[in-house]
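Student: Below you will find the structure I want to go over with you.
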Amino acid sequence: MNTPSATAGHAATPAWKEWLFTTDHKRIGVLYLVGSMAAFGVAGLMALIIRLEQMNLGMQYITSGTQYNGFLYFHGAAMILAFLIPGLTGFAANYFLPLMIGARDVAFPRINAFSVWLFFFAIILALLSFVIPDAPDIMWTGYPPYSITTAGNTSFYVFTVHLLGFSSILGAVNFLVTVIYMRAPGMGWNQLNVFTWTTVAAFVLQLIFIPVLAAAVTLLLFDKYLGTHFYDPSAGGDVLLYQNLFWFYSHPAVYVIFLPAVGILFEIMTTMAKNQVFNYKAAIYGGIWGIVGIAGIVWIHHLYVTGMPDWLRLGHMVTTLLISVPVGILTLSLWGTLWKGAITYNTAMMYAVSCLYLILLGGLTGIPLALPSLTLHLSETSYVHAHFHFIMALFSAFALFAGIYYWFPKMTGRYADGAVATLSFWCNFIGVNVTFWPLFIIGVEGMPRRYWDYQMFPQFEPYHEIATYGAFIIAVGMLLQFGNFIYSAVAGKKAPLNPWNSQSMEWTHTQSPPGPGNFIDDVVVDENWSPYNYNK
Amino acid sequence: MRLLTATLTMAATVLLTTQAFAAGDLANPPEAWEALWATVMFDLYIIGGIMTVLAIYMLIKFKAKSPEQVGTAKKLSTAQAISFALIPAAIFMADDFFLAAKGWTVWNDYRRVPENAMEIKVTGYQWYWEFEYEDGTVTEELVMPVGQPVVLRMTSEDVVHDFGIPHYRVKEDVMPGRITYIWINPVEANETIVQCAEFCGADHTNMWTAVRAIPQDEFDAWLSANAEDPTFDIGEWRTNWTEQQTSQGIASR
């Protein structure tokens with residue numbers, strides 16, 4: 001029905017306006033992707049500067065320790081709060097969760113749009129720290145009293161956390177309501193995609209724990225600018241109160257990142273192995289919800305060397321070790337999904353396989369850190385630094401990139417696979433190992449984190465040098481990768497609607513990219529439908 | 001009644017073991033650390049090895065022969081599904097409790113201060129350490145007599161620091177408004193470093209100084225000399241240390 005007036009009405013809306021005022025979950029997902037990748041780019045640049053500075057003894061490129069601390073602050077805060085969390089729960093959940101459950105949009109599309117713009121304001125606020133005098137230099141953790149006594153502008157940190165927290169809470173409510181009320185008629189809880197489950201779990205964690213972080217940083221703001229004494233021991237406050245509140249949120253935040261990443265892996269591995277999820281119910285109710293259940297009672301393992309009472313440190317040693325039970329069940333399902341599969345390899349699957357290595361390495365190197373006695377030496381060393389990069393940063397980022405390759409044909413109608421994709425994969429995979437293995441080794445010997453110089457350990461210099469080369473191998477890989485994404489989106493090889501022959505609803509029921517409203521007809525499923533129904 | 005007897009016997013055993021521990025040789029935490037590290041690493045190599053071999057085997061063995069091929073794994077029966085959850089859970093839990101018990105024992109070594117320990121007060125400042133001995137002497141280096149266990153009572157005058165000595169495999173935060181402790185058993189003469197391990201600002205990197213264990217008679221002489229006028233030149237000592245370390249291996253112990 002292309003009446004002339006209707007066409008004219010459409011043409012009157014310019015593209016920028018369509019994107020600016022969009023309430024479509026797919027466009028909002030793309031906005032999250034663009035924002036989080038921009039944060040990743042800038043924070044990645046910071047990482048290169050940090051590695052260059054550590055490459056040799058003495059001061060190389062920076063002009064003061066405070067400047068270096070500013071880079072460290074931005075790298076950590078932006079990577080976690082503006083890249084990993086929005087990339088996984090913003091982009092991936094926004095674009096694909098409604099498609100997976102057969103919904104035409106999320107429950108509250110306008111609130112969804114509000115969430116993404118809050119996220120963009122937070123990024124702008126964070127980036128402003130490069131132009132203001134006295135940028136924040138308090139690490140992403142912002143421990144008082146340093147964050148209160150420093151000349152750095154702590155309020156930029158606090159308000160960034162507020163904006164992102166508000167955005168995430170709104171997103172959490174939105175997606176929980178969407179999954180509960182907007183599933184396609186006939187779709188039972190045990191028919192949901194694993195990615196849907198992991199996203200629900202991540203948003204439940206956000207909803208429970210973000211308010212605690214928001215309170216913690218708000219008190220920081222009051223202490224610094226309004227003269228209160230919540231964290232000031234000289235007036236009856238306590239410096240450890242902040243650390244407890246901060247990690248009460250920030251440990252669960254690790255699972256907010258980890259769980260959706262695992263969800264993406266399950267989607268890719270079931271599709272590429274043409275197999276069902278091994279022990280689905282155990283993975284969901286034992287693995288995912290087991291992690292959610294235990295997430296809030298392990299945070300003291302971040303405070304093992306802060307003089308907490310012995311009973312608390314040993315109690316949290318036991319709960320921390322017990323995380324291995326739900327994580328183990330989830331990992332076993334991941335491995336089992338390959339069993340008797342029919343595996344085809346492409347870029348997405350290569351990233352997924354490398355994630356199996358990263359989850360194993362990152363997870364197992366965490367076990368020594370569960371023991372307070374070993375942590376008495378390992379805490380705050382580059383061993384910890386390498387461990388959490390492997391499990392949180394690299395594992396989750398690789399899973400996110402795997403997801404981008406996997407869903408690229410759905411989002412653009414074109415493949416992103418090819419020689420450049422393969423080359424960039426190998427650069428990234430080799431690069432992360434070259435960067436972080438040396439840090440494990442010197443960490444066990446005592447190399448501390450957050451140092452720009454190490455005159456006490458001159459013999460570590462070659463290790464730092466190798467790690468720096470690794471960082472530049474990753475940089476080459478990432479440049480190739482983003483070049484490839486942009487090129488492929490415009491001129492990549494055209495893909496059919498369901499290029500991987502997946503059974504999941506985002507592939508079987510939609511166009512590429514899906515139009516407004518996602519589905520041409522309303523989706524109805526019966527009790528035999530499953531997103532993993534390959535061996536009929 | 002039998003239950004009561006059993007409980008009492010167990011309690012008595014625990015009590016006796018504790019007594020025996022207290023009366024026995026002095027613990028050496030860094031050695032216990034190394035042994036525990038070796039045990040945990042062995043544990044990790046086994047788990048990591050099994051999982052790696054499984055993954056590689058499946059990734060090769062189950063490669064699709066044709067694009068149309070689908071996976072042939074059957075849906076698990078209820079009994080199988082429960083077993084595949086509970087048996088691994090039990091194995092992981094057993095391993096967890098094994099590691100927890102080992103870790104707990106070493107923890108006790110680290111936290112139980114011997115009764116004859118010499119007390120030294122440590123204060124952290126942005127960005128240097130200060131040590132106060134029992135006779136009131138204040139220095140910028142930590143010196144201990146060999147064979148004399150030392151307990152450090154630590155606090156900070158400004159922000160959170162962390163007192164970490166890689167050689168002795170120990171560290172603990174140093175905070176304003178709180179007093180924390182660690183103890184060290186300097187079993188042999190040695191020269192090493194303490195460094196700040198908790199981010200504390202612009203010169204966090206430069207907050208390190210000497211930790212020396214010297215024979216008792218040398219220590220006494222050192223202490224009385226320092227009581228009048230501290231002799232330690234931190235700049236000179238650091239330069240020498242860096243020069244001397246450059247040719248050393250990376251092992252800090």
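Going by the structure tokens order, chains are called A, B, ..., each with residues numbered from 1, while ligands are numbered from 1 in the order shown.
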Quick one: residues within 9 Å of region 49-62 of chain A, only C-alpha atoms counted, chain neighbours fewer than 3 positions away excluded, as a list in words?
Tutor: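 Neighbouring residues, sequence-local ones excluded: Gly44, Leu45, Met46, Gly65, Gln67, Tyr68, Phe71, Leu72, Tyr451, Trp452, Asp453, Tyr454, Gln455, Pro458, Glu461, Pro462, Tyr463, His464, Glu465, Ile466, Ala467, Thr468, Tyr469 and Ala471 of chain A.
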Student: Output N, CA and C atoms for every residue in the selection just made, as a compact mmCIF listing (two decimals), in the first residue's frame.
Tutor:
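Output contents, as saved in selection19.txt:
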```
# COMPACT_ATOMS: atom_id res chain seq x y z
N GLY A 44 41.04 0.53 25.27
CA GLY A 44 42.10 -0.30 24.72
C GLY A 44 43.35 0.52 24.45
N LEU A 45 43.15 1.74 23.98
CA LEU A 45 44.27 2.66 23.76
C LEU A 45 44.99 2.93 25.08
N MET A 46 44.21 3.12 26.14
CA MET A 46 44.80 3.31 27.47
C MET A 46 45.66 2.10 27.84
N GLY A 65 53.09 10.18 37.90
CA GLY A 65 52.36 9.00 38.35
C GLY A 65 50.86 9.21 38.28
N GLN A 67 49.19 10.95 36.15
CA GLN A 67 48.71 10.79 34.78
C GLN A 67 48.51 9.30 34.46
N TYR A 68 49.48 8.49 34.86
CA TYR A 68 49.39 7.04 34.66
C TYR A 68 48.16 6.49 35.39
N PHE A 71 45.06 7.01 33.47
CA PHE A 71 44.89 6.03 32.38
C PHE A 71 44.37 4.70 32.94
N LEU A 72 44.96 4.27 34.06
CA LEU A 72 44.53 3.01 34.68
C LEU A 72 43.05 3.09 35.08
N TYR A 451 51.47 -0.46 39.09
CA TYR A 451 52.79 0.18 39.18
C TYR A 451 53.18 0.66 37.79
N TRP A 452 53.76 1.86 37.70
CA TRP A 452 54.31 2.26 36.42
C TRP A 452 55.82 2.03 36.38
N ASP A 453 56.40 1.66 37.51
CA ASP A 453 57.83 1.39 37.56
C ASP A 453 58.03 0.21 38.51
N TYR A 454 59.18 -0.46 38.40
CA TYR A 454 59.42 -1.63 39.27
C TYR A 454 60.90 -1.77 39.54
N GLN A 455 61.47 -0.70 40.14
CA GLN A 455 62.91 -0.69 40.46
C GLN A 455 63.28 -1.80 41.42
N PRO A 458 64.07 -5.34 38.92
CA PRO A 458 64.55 -5.05 37.56
C PRO A 458 64.59 -6.31 36.69
N GLU A 461 61.94 -7.09 33.86
CA GLU A 461 61.83 -6.26 32.65
C GLU A 461 61.54 -7.05 31.37
N PRO A 462 62.27 -8.16 31.10
CA PRO A 462 61.98 -8.89 29.85
C PRO A 462 60.54 -9.39 29.78
N TYR A 463 59.99 -9.75 30.93
CA TYR A 463 58.61 -10.24 30.96
C TYR A 463 57.62 -9.13 30.59
N HIS A 464 57.88 -7.94 31.14
CA HIS A 464 57.03 -6.80 30.79
C HIS A 464 57.16 -6.47 29.30
N GLU A 465 58.37 -6.66 28.80
CA GLU A 465 58.61 -6.35 27.39
C GLU A 465 57.78 -7.29 26.50
N ILE A 466 57.83 -8.59 26.82
CA ILE A 466 57.06 -9.56 26.04
C ILE A 466 55.57 -9.24 26.13
N ALA A 467 55.11 -8.93 27.35
CA ALA A 467 53.69 -8.62 27.54
C ALA A 467 53.28 -7.42 26.67
N THR A 468 54.19 -6.46 26.55
CA THR A 468 53.88 -5.28 25.73
C THR A 468 53.77 -5.65 24.25
N TYR A 469 54.68 -6.52 23.79
CA TYR A 469 54.55 -6.97 22.39
C TYR A 469 53.20 -7.65 22.18
N ALA A 471 50.41 -7.06 23.69
CA ALA A 471 49.35 -6.06 23.63
C ALA A 471 49.26 -5.47 22.23
```
Student: List every residue of region 306-482 of chain A that DSSP, applied to the backbone of this structure, assigns to alpha helix (DSSP H), and report them as number ranges by chain.
Tutor: A: 310-322, 324-336, 347-364, 367-370, 372-378, 382-388, 395-412, 419-444, 461-482
Student: Can you pull out the residues contacting Thr89 (chain A)? Cut-off 8 Å, using only C-alpha atoms, and skip same-chain residues under 3 positions away; I want them as an MDAnalysis selection string.
Tutor: chainID A and resid 85:86 92:94 199 202:203 256:257 260
Student: Write out, as a PDB file, in the first residue's frame, the residues just selected, with N, CA and C atoms.
Tutor:
```
ATOM      1  N   ILE A  85      29.712  -4.768  30.341  1.00  0.00           N
ATOM      2  CA  ILE A  85      28.309  -4.856  30.784  1.00  0.00           C
ATOM      3  C   ILE A  85      27.350  -4.367  29.689  1.00  0.00           C
ATOM      4  N   PRO A  86      27.556  -3.169  29.110  1.00  0.00           N
ATOM      5  CA  PRO A  86      26.619  -2.736  28.050  1.00  0.00           C
ATOM      6  C   PRO A  86      26.739  -3.576  26.774  1.00  0.00           C
ATOM      7  N   ALA A  92      23.731  -7.339  23.133  1.00  0.00           N
ATOM      8  CA  ALA A  92      23.296  -8.699  22.802  1.00  0.00           C
ATOM      9  C   ALA A  92      21.870  -8.962  23.292  1.00  0.00           C
ATOM     10  N   ALA A  93      21.587  -8.572  24.532  1.00  0.00           N
ATOM     11  CA  ALA A  93      20.249  -8.818  25.076  1.00  0.00           C
ATOM     12  C   ALA A  93      19.202  -8.016  24.316  1.00  0.00           C
ATOM     13  N   ASN A  94      19.501  -6.734  24.038  1.00  0.00           N
ATOM     14  CA  ASN A  94      18.513  -5.911  23.348  1.00  0.00           C
ATOM     15  C   ASN A  94      18.173  -6.436  21.974  1.00  0.00           C
ATOM     16  N   THR A 199      20.659 -14.050  30.513  1.00  0.00           N
ATOM     17  CA  THR A 199      20.351 -12.626  30.561  1.00  0.00           C
ATOM     18  C   THR A 199      19.403 -12.326  31.714  1.00  0.00           C
ATOM     19  N   ALA A 202      21.432 -12.378  34.802  1.00  0.00           N
ATOM     20  CA  ALA A 202      22.279 -11.191  34.920  1.00  0.00           C
ATOM     21  C   ALA A 202      21.455  -9.988  35.372  1.00  0.00           C
ATOM     22  N   PHE A 203      20.252  -9.853  34.830  1.00  0.00           N
ATOM     23  CA  PHE A 203      19.431  -8.696  35.206  1.00  0.00           C
ATOM     24  C   PHE A 203      18.877  -8.828  36.625  1.00  0.00           C
ATOM     25  N   VAL A 256      27.378 -10.815  36.122  1.00  0.00           N
ATOM     26  CA  VAL A 256      26.571 -10.064  35.156  1.00  0.00           C
ATOM     27  C   VAL A 256      27.268 -10.092  33.793  1.00  0.00           C
ATOM     28  N   ILE A 257      28.600 -10.109  33.823  1.00  0.00           N
ATOM     29  CA  ILE A 257      29.379 -10.170  32.583  1.00  0.00           C
ATOM     30  C   ILE A 257      29.546 -11.621  32.124  1.00  0.00           C
ATOM     31  N   PRO A 260      25.967 -13.860  30.625  1.00  0.00           N
ATOM     32  CA  PRO A 260      25.547 -13.693  29.227  1.00  0.00           C
ATOM     33  C   PRO A 260      26.607 -14.173  28.237  1.00  0.00           C
TER      34      PRO A 260
END
```
Student: Quick one, how far is CA of Asp232 (chain A) from CA of Met175 (chain B)?
Tutor: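 CA of Met175 (chain B) lies 11.0 Å from CA of Asp232 (chain A).
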Student: Write out as a list of chain:residue names the set of residues from region 84-124 of chain B that DSSP, computed on the backbone, places in strand (DSSP E or B).
Tutor: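 Output for region 84-124 of chain B, strand (DSSP E or B) only: B:Met118, B:Glu119, B:Ile120, B:Lys121, B:Val122, B:Thr123, B:Gly124.
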Student: Name the residues in contact with region 208-212 of chain A at a cut-off of 9 Å, using only C-alpha atoms, excluding same-chain residues fewer than 6 positions from it; report them as number ranges by chain.
Tutor: A: 165-166, 168-169, 245-246, 248-250, 252-253, 296
Student: Just to confirm, what's the straight-line distance from CA of Arg27 (chain A) to CA of Ala15 (chain A) in Å (one decimal)?
Tutor: 11.8 Å
Student: If we count only C-alpha atoms, which residues of chain B reach to within 6 Å of chain A? Please list them as a PDB file with C-alpha atoms, in the first residue's frame.
Tutor:
```pdb
ATOM      1  CA  PHE B  62      32.813 -34.933  16.101  1.00  0.00           C
ATOM      2  CA  LYS B  63      33.716 -32.749  13.145  1.00  0.00           C
ATOM      3  CA  ALA B  64      30.806 -32.777  10.678  1.00  0.00           C
ATOM      4  CA  VAL B  70      23.166 -33.190  12.657  1.00  0.00           C
ATOM      5  CA  GLY B  71      24.254 -34.143  16.161  1.00  0.00           C
ATOM      6  CA  THR B  72      23.081 -37.512  17.463  1.00  0.00           C
ATOM      7  CA  ALA B  73      23.282 -36.985  21.234  1.00  0.00           C
ATOM      8  CA  ALA B  81      20.380 -36.022  34.143  1.00  0.00           C
ATOM      9  CA  ALA B  89      28.876 -31.667  42.056  1.00  0.00           C
ATOM     10  CA  PHE B  92      33.886 -30.717  42.912  1.00  0.00           C
ATOM     11  CA  ASP B  96      36.697 -27.913  47.477  1.00  0.00           C
ATOM     12  CA  GLY B 103      44.142 -23.754  53.125  1.00  0.00           C
ATOM     13  CA  TRP B 107      46.008 -19.900  57.385  1.00  0.00           C
ATOM     14  CA  VAL B 159      45.110   6.406  52.975  1.00  0.00           C
ATOM     15  CA  PRO B 166      57.130 -11.199  48.449  1.00  0.00           C
ATOM     16  CA  ARG B 169      54.923 -14.657  51.043  1.00  0.00           C
ATOM     17  CA  VAL B 170      52.802 -12.321  53.138  1.00  0.00           C
ATOM     18  CA  LYS B 171      50.907  -9.059  52.899  1.00  0.00           C
ATOM     19  CA  GLU B 172      48.163  -7.243  54.745  1.00  0.00           C
ATOM     20  CA  ASP B 173      46.405  -3.906  54.302  1.00  0.00           C
ATOM     21  CA  GLY B 177      41.638   3.889  62.081  1.00  0.00           C
ATOM     22  CA  THR B 180      46.251  -5.050  61.424  1.00  0.00           C
ATOM     23  CA  ALA B 197      50.546  -3.395  47.329  1.00  0.00           C
ATOM     24  CA  ALA B 202      51.018   9.162  42.540  1.00  0.00           C
ATOM     25  CA  THR B 205      55.223   2.658  42.732  1.00  0.00           C
ATOM     26  CA  THR B 242      68.314  -2.457  41.765  1.00  0.00           C
ATOM     27  CA  THR B 246      69.449  -6.909  37.680  1.00  0.00           C
ATOM     28  CA  ILE B 250      63.218 -13.819  38.918  1.00  0.00           C
ATOM     29  CA  ALA B 251      62.549 -16.108  41.912  1.00  0.00           C
ATOM     30  CA  SER B 252      61.730 -13.947  44.928  1.00  0.00           C
TER      31      SER B 252
END
```
Student: In Å, how far is it from CA of Asn528 (chain A) to CA of Asn190 (chain A)?
Tutor: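 Value for the CA of Asn528 (chain A)-CA of Asn190 (chain A) distance: 10.9 Å.
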Student: Taking only residues of region 105-155 of chain B that have an atom at most 8 Å from an atom of region 24-31 of chain B, what is each one's shortest atom pair and its distance in Å to one decimal, using only C-alpha atoms, in chain and number order, as JSON lines?
Tutor:
```
{"residue": "B:Val106", "atom": "CA", "partner": "B:Pro29", "partner_atom": "CA", "distance": 7.0}
{"residue": "B:Asp109", "atom": "CA", "partner": "B:Pro29", "partner_atom": "CA", "distance": 5.7}
{"residue": "B:Tyr110", "atom": "CA", "partner": "B:Pro29", "partner_atom": "CA", "distance": 5.7}
{"residue": "B:Pro114", "atom": "CA", "partner": "B:Leu26", "partner_atom": "CA", "distance": 7.5}
```
Student: How would the residues just picked look written out with C-alpha atoms as a PDB file, in the first residue's frame?
Tutor:
```pdb
ATOM      1  CA  VAL B 106      48.205 -22.833  56.410  1.00  0.00           C
ATOM      2  CA  ASP B 109      50.247 -20.821  60.558  1.00  0.00           C
ATOM      3  CA  TYR B 110      49.972 -17.293  59.215  1.00  0.00           C
ATOM      4  CA  PRO B 114      54.168 -17.054  68.613  1.00  0.00           C
TER       5      PRO B 114
END
```
